[in-house]
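Notes to accompany the following structure.
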Amino acid sequence: MAQVSTSRSYDVPAEGMWRRIGDFETLDAWHPAIAACEALDGGARRKLTTVDGGVIHETLTEAGEQTYSYTIDDSPLPVADYRATLSVAEAAKGSCTVEWVAHFTAAGASDDEAEAVITGIFDAGLDAL
């Protein structure tokens, strides 16, 4: 099983950052690769459309204070059994750390290739914040 873990620090209070990224249904509001995010099943699932037209279906599996976890149910990405968690933690006063971690099995690609794809997705999102 492969794993990708990415984090960034920001000069923004954790609460403010979570207001920006913490809604499972609004990934398109901050991630540059996502053109649209459609809530399904009352917000328990989402359909993401990428800027290049790809479609990804995800399910929210757990939500907590400034954290949520989800699975990918269907996507063109080279992964299977994908589980990820996005979280925000308070750091020094007025700053925070955003962490995005995923565990998955490479599918149709090597572990290194699949890890590079997911790392690129995570980096693009966190860099956009």
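Note on naming: chains are A, B, ... as they come in the structure tokens, residues start from 1 per chain, ligands start from 1 in the order shown.
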Show me, as a PDB file with N, CA, C and O atoms, in the first residue's frame, the residues that have an atom within 12 Å of Ser75 of chain A when counting only C-alpha atoms, minus same-chain residues fewer than 4 positions from it.
ATOM      1  N   ARG A  46     -19.576  13.358  -3.212  1.00  0.00           N
ATOM      2  CA  ARG A  46     -19.383  14.469  -4.116  1.00  0.00           C
ATOM      3  C   ARG A  46     -18.905  13.953  -5.467  1.00  0.00           C
ATOM      4  O   ARG A  46     -18.237  12.927  -5.558  1.00  0.00           O
ATOM      5  N   LYS A  47     -19.278  14.706  -6.494  1.00  0.00           N
ATOM      6  CA  LYS A  47     -18.824  14.440  -7.851  1.00  0.00           C
ATOM      7  C   LYS A  47     -17.942  15.609  -8.244  1.00  0.00           C
ATOM      8  O   LYS A  47     -18.400  16.752  -8.293  1.00  0.00           O
ATOM      9  N   LEU A  48     -16.686  15.334  -8.489  1.00  0.00           N
ATOM     10  CA  LEU A  48     -15.731  16.357  -8.893  1.00  0.00           C
ATOM     11  C   LEU A  48     -15.525  16.272 -10.397  1.00  0.00           C
ATOM     12  O   LEU A  48     -15.372  15.178 -10.939  1.00  0.00           O
ATOM     13  N   THR A  49     -15.503  17.422 -11.042  1.00  0.00           N
ATOM     14  CA  THR A  49     -15.142  17.488 -12.447  1.00  0.00           C
ATOM     15  C   THR A  49     -13.859  18.296 -12.526  1.00  0.00           C
ATOM     16  O   THR A  49     -13.795  19.427 -12.028  1.00  0.00           O
ATOM     17  N   THR A  50     -12.835  17.702 -13.102  1.00  0.00           N
ATOM     18  CA  THR A  50     -11.541  18.372 -13.193  1.00  0.00           C
ATOM     19  C   THR A  50     -11.534  19.357 -14.360  1.00  0.00           C
ATOM     20  O   THR A  50     -12.399  19.296 -15.237  1.00  0.00           O
ATOM     21  N   GLY A  53     -11.816  17.805 -17.654  1.00  0.00           N
ATOM     22  CA  GLY A  53     -13.011  17.019 -17.940  1.00  0.00           C
ATOM     23  C   GLY A  53     -13.116  15.681 -17.249  1.00  0.00           C
ATOM     24  O   GLY A  53     -14.118  14.977 -17.407  1.00  0.00           O
ATOM     25  N   GLY A  54     -12.137  15.292 -16.465  1.00  0.00           N
ATOM     26  CA  GLY A  54     -12.218  14.033 -15.721  1.00  0.00           C
ATOM     27  C   GLY A  54     -13.270  14.115 -14.628  1.00  0.00           C
ATOM     28  O   GLY A  54     -13.577  15.195 -14.127  1.00  0.00           O
ATOM     29  N   VAL A  55     -13.832  12.971 -14.274  1.00  0.00           N
ATOM     30  CA  VAL A  55     -14.855  12.909 -13.230  1.00  0.00           C
ATOM     31  C   VAL A  55     -14.397  11.967 -12.123  1.00  0.00           C
ATOM     32  O   VAL A  55     -13.938  10.853 -12.399  1.00  0.00           O
ATOM     33  N   ILE A  56     -14.509  12.446 -10.886  1.00  0.00           N
ATOM     34  CA  ILE A  56     -14.107  11.681  -9.703  1.00  0.00           C
ATOM     35  C   ILE A  56     -15.290  11.644  -8.743  1.00  0.00           C
ATOM     36  O   ILE A  56     -15.873  12.686  -8.435  1.00  0.00           O
ATOM     37  N   HIS A  57     -15.658  10.455  -8.277  1.00  0.00           N
ATOM     38  CA  HIS A  57     -16.712  10.310  -7.277  1.00  0.00           C
ATOM     39  C   HIS A  57     -16.071   9.939  -5.939  1.00  0.00           C
ATOM     40  O   HIS A  57     -15.271   8.991  -5.883  1.00  0.00           O
ATOM     41  N   GLU A  58     -16.421  10.684  -4.894  1.00  0.00           N
ATOM     42  CA  GLU A  58     -15.851  10.469  -3.565  1.00  0.00           C
ATOM     43  C   GLU A  58     -16.948  10.392  -2.517  1.00  0.00           C
ATOM     44  O   GLU A  58     -18.011  10.974  -2.694  1.00  0.00           O
ATOM     45  N   THR A  71     -13.150   8.594   0.743  1.00  0.00           N
ATOM     46  CA  THR A  71     -12.640   7.577  -0.166  1.00  0.00           C
ATOM     47  C   THR A  71     -12.934   8.013  -1.597  1.00  0.00           C
ATOM     48  O   THR A  71     -13.840   8.802  -1.842  1.00  0.00           O
ATOM     49  N   VAL A  79      -5.255   4.864  -8.934  1.00  0.00           N
ATOM     50  CA  VAL A  79      -5.314   4.410  -7.546  1.00  0.00           C
ATOM     51  C   VAL A  79      -6.549   3.543  -7.316  1.00  0.00           C
ATOM     52  O   VAL A  79      -7.555   3.683  -8.010  1.00  0.00           O
ATOM     53  N   ALA A  80      -6.455   2.668  -6.331  1.00  0.00           N
ATOM     54  CA  ALA A  80      -7.578   1.856  -5.854  1.00  0.00           C
ATOM     55  C   ALA A  80      -7.507   1.851  -4.336  1.00  0.00           C
ATOM     56  O   ALA A  80      -6.461   2.164  -3.753  1.00  0.00           O
ATOM     57  N   ASP A  81      -8.605   1.513  -3.694  1.00  0.00           N
ATOM     58  CA  ASP A  81      -8.649   1.447  -2.230  1.00  0.00           C
ATOM     59  C   ASP A  81      -8.107   2.738  -1.607  1.00  0.00           C
ATOM     60  O   ASP A  81      -7.353   2.707  -0.624  1.00  0.00           O
ATOM     61  N   TYR A  82      -8.488   3.862  -2.175  1.00  0.00           N
ATOM     62  CA  TYR A  82      -7.975   5.176  -1.775  1.00  0.00           C
ATOM     63  C   TYR A  82      -8.748   5.707  -0.578  1.00  0.00           C
ATOM     64  O   TYR A  82      -9.980   5.778  -0.606  1.00  0.00           O
ATOM     65  N   ALA A 107      -2.900   1.478  -9.179  1.00  0.00           N
ATOM     66  CA  ALA A 107      -3.704   0.707 -10.127  1.00  0.00           C
ATOM     67  C   ALA A 107      -3.394   1.201 -11.541  1.00  0.00           C
ATOM     68  O   ALA A 107      -3.641   2.358 -11.864  1.00  0.00           O
TER      69      ALA A 107
END
Which of chain A DSSP labels helix (DSSP H, G or I), written as a ChimeraX atom specification: /A:14-21,27-29,41-43,111-128
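With only C-alpha atoms as the basis for measurement, A:Val98 is the residue among A:Val98, A:Ala109, A:Ile34, A:Val4 that approaches Asp127 of chain A most closely.
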Residue contacts of segment 113-126 of chain A (9 Å, only C-alpha atoms) excluding same-chain residues fewer than 6 positions away, as a PyMOL selection string: chain A and resi 2-8+30-33+77-79+98-102+104-107
Contact residues around segment 40-44 of chain A with only C-alpha atoms at 7 Å, ignoring same-chain residues under 5 positions, as a PyMOL selection string: chain A and resi 25+59-60
Writing out the chosen residues with all heavy atoms as a PDB file, in the first residue's frame:
ATOM      1  N   GLU A  25     -18.116  19.864   0.204  1.00  0.00           N
ATOM      2  CA  GLU A  25     -18.821  20.141  -1.047  1.00  0.00           C
ATOM      3  C   GLU A  25     -18.246  21.319  -1.838  1.00  0.00           C
ATOM      4  O   GLU A  25     -18.813  21.692  -2.862  1.00  0.00           O
ATOM      5  CB  GLU A  25     -20.292  20.418  -0.745  1.00  0.00           C
ATOM      6  CG  GLU A  25     -20.966  19.281  -0.026  1.00  0.00           C
ATOM      7  CD  GLU A  25     -22.335  19.653   0.507  1.00  0.00           C
ATOM      8  OE1 GLU A  25     -22.824  20.759   0.209  1.00  0.00           O
ATOM      9  OE2 GLU A  25     -22.911  18.827   1.229  1.00  0.00           O
ATOM     10  N   THR A  59     -16.650   9.682  -1.431  1.00  0.00           N
ATOM     11  CA  THR A  59     -17.585   9.532  -0.319  1.00  0.00           C
ATOM     12  C   THR A  59     -16.942  10.020   0.970  1.00  0.00           C
ATOM     13  O   THR A  59     -15.813   9.620   1.291  1.00  0.00           O
ATOM     14  CB  THR A  59     -18.001   8.054  -0.149  1.00  0.00           C
ATOM     15  OG1 THR A  59     -18.651   7.622  -1.341  1.00  0.00           O
ATOM     16  CG2 THR A  59     -18.938   7.870   1.045  1.00  0.00           C
ATOM     17  N   LEU A  60     -17.649  10.868   1.679  1.00  0.00           N
ATOM     18  CA  LEU A  60     -17.212  11.339   2.993  1.00  0.00           C
ATOM     19  C   LEU A  60     -17.380  10.187   3.975  1.00  0.00           C
ATOM     20  O   LEU A  60     -18.465   9.631   4.108  1.00  0.00           O
ATOM     21  CB  LEU A  60     -18.062  12.537   3.421  1.00  0.00           C
ATOM     22  CG  LEU A  60     -17.734  13.181   4.756  1.00  0.00           C
ATOM     23  CD1 LEU A  60     -16.361  13.830   4.718  1.00  0.00           C
ATOM     24  CD2 LEU A  60     -18.806  14.233   5.089  1.00  0.00           C
TER      25      LEU A  60
END
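All residues in segment 17-56 of chain A with a DSSP state of strand (DSSP E), computed from the backbone, read Ile34, Ala35, Ala36, Cys37, Glu38, Ala39, Leu40, Arg45, Arg46, Lys47, Leu48, Thr49, Thr50, Val55 and Ile56 of chain A.
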Output N, CA and C atoms for every residue in the selection just made, as a tab-separated table (two decimals), in the first residue's frame.
chain	number	residue	atom	x	y	z
A	34	ILE	N	-9.88	21.54	-9.90
A	34	ILE	CA	-11.28	21.15	-9.84
A	34	ILE	C	-12.15	22.27	-10.40
A	35	ALA	N	-12.85	21.96	-11.49
A	35	ALA	CA	-13.72	22.95	-12.14
A	35	ALA	C	-15.10	23.00	-11.49
A	36	ALA	N	-15.57	21.86	-10.98
A	36	ALA	CA	-16.90	21.82	-10.37
A	36	ALA	C	-16.95	20.73	-9.31
A	37	CYS	N	-17.76	21.00	-8.28
A	37	CYS	CA	-17.96	20.04	-7.20
A	37	CYS	C	-19.46	19.98	-6.94
A	38	GLU	N	-20.05	18.81	-7.18
A	38	GLU	CA	-21.49	18.63	-7.00
A	38	GLU	C	-21.75	17.74	-5.79
A	39	ALA	N	-22.54	18.24	-4.85
A	39	ALA	CA	-22.90	17.45	-3.67
A	39	ALA	C	-23.94	16.41	-4.08
A	40	LEU	N	-23.76	15.19	-3.58
A	40	LEU	CA	-24.69	14.09	-3.84
A	40	LEU	C	-25.09	13.48	-2.50
A	45	ARG	N	-21.66	12.40	-0.43
A	45	ARG	CA	-20.81	12.08	-1.57
A	45	ARG	C	-20.63	13.34	-2.39
A	46	ARG	N	-19.58	13.36	-3.21
A	46	ARG	CA	-19.38	14.47	-4.12
A	46	ARG	C	-18.90	13.95	-5.47
A	47	LYS	N	-19.28	14.71	-6.49
A	47	LYS	CA	-18.82	14.44	-7.85
A	47	LYS	C	-17.94	15.61	-8.24
A	48	LEU	N	-16.69	15.33	-8.49
A	48	LEU	CA	-15.73	16.36	-8.89
A	48	LEU	C	-15.53	16.27	-10.40
A	49	THR	N	-15.50	17.42	-11.04
A	49	THR	CA	-15.14	17.49	-12.45
A	49	THR	C	-13.86	18.30	-12.53
A	50	THR	N	-12.83	17.70	-13.10
A	50	THR	CA	-11.54	18.37	-13.19
A	50	THR	C	-11.53	19.36	-14.36
A	55	VAL	N	-13.83	12.97	-14.27
A	55	VAL	CA	-14.86	12.91	-13.23
A	55	VAL	C	-14.40	11.97	-12.12
A	56	ILE	N	-14.51	12.45	-10.89
A	56	ILE	CA	-14.11	11.68	-9.70
A	56	ILE	C	-15.29	11.64	-8.74
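Note that atom CA of Ser95 of chain A and atom CA of Gly16 of chain A are 9.6 Å apart.
In this comparison, which uses only C-alpha atoms, the residue of A:Asp52, A:Asp11, A:Asp111, A:Glu90 approaching Gln66 of chain A most closely is A:Glu90.
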Residue neighbourhood Ser87 of chain A, 10 Å, only C-alpha atoms, exclusion window fewer than 2 positions, as a VMD selection string: chain A and resid 7 14 17 to 18 21 to 22 63 to 69 85 89 97 to 101
Selected residues, N, CA, C and O atoms, written as a compact mmCIF listing (two decimals), in the first residue's frame, please.
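selection06.txt, written as the output of this step:
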# COMPACT_ATOMS: atom_id res chain seq x y z
N SER A 7 2.03 18.58 3.86
CA SER A 7 1.53 19.60 4.78
C SER A 7 2.17 20.94 4.44
O SER A 7 3.25 20.99 3.85
N ALA A 14 -6.28 28.71 12.34
CA ALA A 14 -6.85 27.43 11.91
C ALA A 14 -8.34 27.55 11.62
O ALA A 14 -8.83 27.00 10.63
N MET A 17 -8.85 29.12 8.21
CA MET A 17 -8.49 28.20 7.14
C MET A 17 -9.55 27.13 6.98
O MET A 17 -9.94 26.78 5.86
N TRP A 18 -10.06 26.62 8.10
CA TRP A 18 -11.08 25.57 8.02
C TRP A 18 -12.35 26.10 7.36
O TRP A 18 -13.00 25.39 6.59
N ILE A 21 -11.57 25.78 3.60
CA ILE A 21 -11.38 24.48 2.94
C ILE A 21 -12.17 23.33 3.55
O ILE A 21 -12.17 22.23 3.00
N GLY A 22 -12.85 23.56 4.66
CA GLY A 22 -13.43 22.46 5.40
C GLY A 22 -14.76 21.92 4.93
O GLY A 22 -15.21 20.89 5.42
N ALA A 63 -16.15 12.93 9.59
CA ALA A 63 -15.97 14.38 9.72
C ALA A 63 -15.83 14.71 11.19
O ALA A 63 -16.59 14.22 12.02
N GLY A 64 -14.84 15.54 11.51
CA GLY A 64 -14.61 15.96 12.88
C GLY A 64 -14.33 17.44 12.91
O GLY A 64 -14.55 18.16 11.93
N GLU A 65 -13.84 17.90 14.04
CA GLU A 65 -13.51 19.30 14.18
C GLU A 65 -12.24 19.58 13.38
O GLU A 65 -11.17 19.07 13.70
N GLN A 66 -12.37 20.32 12.31
CA GLN A 66 -11.28 20.72 11.42
C GLN A 66 -10.57 19.53 10.78
O GLN A 66 -9.36 19.54 10.56
N THR A 67 -11.35 18.48 10.44
CA THR A 67 -10.82 17.33 9.73
C THR A 67 -11.95 16.58 9.04
O THR A 67 -13.08 16.57 9.54
N TYR A 68 -11.66 16.00 7.89
CA TYR A 68 -12.58 15.04 7.30
C TYR A 68 -11.79 14.00 6.53
O TYR A 68 -10.68 14.25 6.07
N SER A 69 -12.40 12.81 6.42
CA SER A 69 -11.80 11.71 5.67
C SER A 69 -12.76 11.28 4.58
O SER A 69 -13.98 11.42 4.73
N THR A 85 -7.34 11.90 4.30
CA THR A 85 -7.79 12.80 5.35
C THR A 85 -7.19 14.17 5.10
O THR A 85 -5.98 14.29 4.84
N ALA A 89 -4.69 22.19 11.70
CA ALA A 89 -4.33 22.26 13.11
C ALA A 89 -3.77 23.63 13.43
O ALA A 89 -3.03 24.22 12.63
N THR A 97 -1.42 24.71 10.33
CA THR A 97 -0.83 23.73 9.43
C THR A 97 -1.97 22.94 8.80
O THR A 97 -2.88 22.48 9.50
N VAL A 98 -1.92 22.82 7.48
CA VAL A 98 -2.88 21.99 6.75
C VAL A 98 -2.14 20.72 6.35
O VAL A 98 -1.05 20.78 5.79
N GLU A 99 -2.75 19.58 6.64
CA GLU A 99 -2.16 18.29 6.29
C GLU A 99 -3.15 17.49 5.45
O GLU A 99 -4.34 17.45 5.76
N TRP A 100 -2.62 16.86 4.41
CA TRP A 100 -3.43 16.01 3.53
C TRP A 100 -2.69 14.70 3.39
O TRP A 100 -1.54 14.67 2.93
N VAL A 101 -3.31 13.61 3.80
CA VAL A 101 -2.68 12.30 3.82
C VAL A 101 -3.57 11.31 3.08
O VAL A 101 -4.79 11.30 3.28
